[in-house]
Amino acid sequence: MSRSRTLSKAVIFAAVAALLPIAATSAANAQAATEIQLSYKDKKFDPAEISAPANTPIVIKLKNLDAKPMEFESKTLKIEKVVAGSSDATVNVRAQKPGRYEFVDEYNEKVARGALVVK
Ligand SMILES: [Cu+2]
């Protein structure tokens, strides 16, 4: 075996060894994610308050039942997502500390409000 081939095997081994902990971490995160169903209809979120455990990723399955588009927005969660009328979207929320995180439909901010309570 040539010297360069031995070297490249070592490099590949090092690269794989470096990637393994990342793969293990994302698998753990995927497993721990809390999935929440949330509907939007007549400019109202249903339920208006959702909750999730702290320090685990959250996946909000959002159904816009209105014919018009809406924009799911949360300043505290740093999320903005436009959802077309009569369609579904997935909103991924990073793991959060305990607290109350308000969200709105930015197009109807005064009436369309909700909150994610992390405990
Ligand atoms: Cu916005």
# chains A, B, ... in the order shown; residues from 1 in each chain; ligands from 1
>>> residues_near_ligand(ligand="ligand 1", cutoff="8 Å", atoms="only C-alpha atoms and all ligand atoms", output="PDB file with N, CA, C and O atoms, in the first residue's frame")
ATOM      1  N   GLU A  71     -49.882  35.038   7.653  1.00  0.00           N
ATOM      2  CA  GLU A  71     -48.456  34.966   7.965  1.00  0.00           C
ATOM      3  C   GLU A  71     -48.275  34.701   9.442  1.00  0.00           C
ATOM      4  O   GLU A  71     -48.572  35.555  10.278  1.00  0.00           O
ATOM      5  N   PHE A  72     -47.804  33.494   9.727  1.00  0.00           N
ATOM      6  CA  PHE A  72     -47.507  33.128  11.112  1.00  0.00           C
ATOM      7  C   PHE A  72     -46.252  33.874  11.516  1.00  0.00           C
ATOM      8  O   PHE A  72     -45.205  33.722  10.893  1.00  0.00           O
ATOM      9  N   GLU A  73     -46.381  34.702  12.540  1.00  0.00           N
ATOM     10  CA  GLU A  73     -45.205  35.474  12.967  1.00  0.00           C
ATOM     11  C   GLU A  73     -45.067  35.515  14.473  1.00  0.00           C
ATOM     12  O   GLU A  73     -46.039  35.685  15.201  1.00  0.00           O
ATOM     13  N   GLU A  80     -41.190  33.752  10.918  1.00  0.00           N
ATOM     14  CA  GLU A  80     -42.122  34.381   9.989  1.00  0.00           C
ATOM     15  C   GLU A  80     -42.375  33.372   8.895  1.00  0.00           C
ATOM     16  O   GLU A  80     -41.432  32.918   8.245  1.00  0.00           O
ATOM     17  N   LYS A  81     -43.634  33.022   8.701  1.00  0.00           N
ATOM     18  CA  LYS A  81     -43.912  32.061   7.639  1.00  0.00           C
ATOM     19  C   LYS A  81     -45.260  32.351   6.993  1.00  0.00           C
ATOM     20  O   LYS A  81     -46.283  32.368   7.668  1.00  0.00           O
ATOM     21  N   GLU A 106     -49.709  38.024  11.021  1.00  0.00           N
ATOM     22  CA  GLU A 106     -49.299  39.412  10.815  1.00  0.00           C
ATOM     23  C   GLU A 106     -50.280  40.207   9.954  1.00  0.00           C
ATOM     24  O   GLU A 106     -50.361  41.420  10.078  1.00  0.00           O
TER      25      GLU A 106
END
>>> residues_around(residues="segment 31-43 of chain A", least_positions_apart="3", cutoff="6 Å", atoms="only C-alpha atoms", output="PyMOL selection string")
chain A and resi 28+46+56-66+112
>>> write_last_selection(atoms="N, CA, C and O atoms", output="compact mmCIF listing (two decimals), in the first residue's frame")
# COMPACT_ATOMS: atom_id res chain seq x y z
N ALA A 28 -31.37 12.27 18.01
CA ALA A 28 -31.96 12.48 19.33
C ALA A 28 -32.95 13.64 19.29
O ALA A 28 -34.04 13.56 19.84
N ASP A 46 -56.68 28.11 16.58
CA ASP A 46 -57.38 27.10 17.37
C ASP A 46 -56.46 25.90 17.57
O ASP A 46 -56.14 25.22 16.59
N THR A 56 -36.72 21.14 24.09
CA THR A 56 -36.84 20.15 23.01
C THR A 56 -37.44 20.87 21.79
O THR A 56 -38.24 21.78 21.94
N PRO A 57 -37.04 20.46 20.61
CA PRO A 57 -37.57 21.11 19.40
C PRO A 57 -39.08 20.91 19.29
O PRO A 57 -39.62 19.92 19.79
N ILE A 58 -39.73 21.86 18.64
CA ILE A 58 -41.18 21.83 18.49
C ILE A 58 -41.51 21.93 17.00
O ILE A 58 -40.89 22.71 16.28
N VAL A 59 -42.46 21.12 16.58
CA VAL A 59 -42.91 21.17 15.19
C VAL A 59 -44.38 21.52 15.20
O VAL A 59 -45.20 20.77 15.75
N ILE A 60 -44.73 22.67 14.65
CA ILE A 60 -46.14 23.08 14.60
C ILE A 60 -46.68 22.75 13.21
O ILE A 60 -46.15 23.22 12.20
N LYS A 61 -47.70 21.89 13.20
CA LYS A 61 -48.39 21.55 11.94
C LYS A 61 -49.55 22.53 11.83
O LYS A 61 -50.54 22.42 12.56
N LEU A 62 -49.38 23.50 10.97
CA LEU A 62 -50.34 24.60 10.87
C LEU A 62 -51.23 24.45 9.65
O LEU A 62 -50.76 24.28 8.53
N LYS A 63 -52.53 24.50 9.91
CA LYS A 63 -53.54 24.37 8.84
C LYS A 63 -54.23 25.70 8.68
O LYS A 63 -54.93 26.16 9.60
N ASN A 64 -54.07 26.35 7.54
CA ASN A 64 -54.80 27.58 7.28
C ASN A 64 -56.11 27.20 6.59
O ASN A 64 -56.11 26.84 5.42
N LEU A 65 -57.20 27.27 7.34
CA LEU A 65 -58.50 26.86 6.81
C LEU A 65 -59.22 28.02 6.12
O LEU A 65 -60.26 27.83 5.50
N ASP A 66 -58.66 29.22 6.25
CA ASP A 66 -59.24 30.37 5.55
C ASP A 66 -58.79 30.35 4.09
O ASP A 66 -57.75 29.77 3.76
N ALA A 112 -55.91 38.28 15.42
CA ALA A 112 -55.42 36.91 15.29
C ALA A 112 -54.17 36.69 16.12
O ALA A 112 -53.04 36.88 15.66
>>> atom_distance(atom1="atom CA of Pro98 of chain A", atom2="atom CA of Asn55 of chain A")
8.1 Å
>>> atom_distance(atom1="atom CA of Tyr101 of chain A", atom2="atom CA of Ala84 of chain A")
23.3 Å
>>> residues_around(residues="Arg113 of chain A", least_positions_apart="2", cutoff="9 Å", atoms="only C-alpha atoms", output="PyMOL selection string")
chain A and resi 43-45+48+102-105+108-111+115
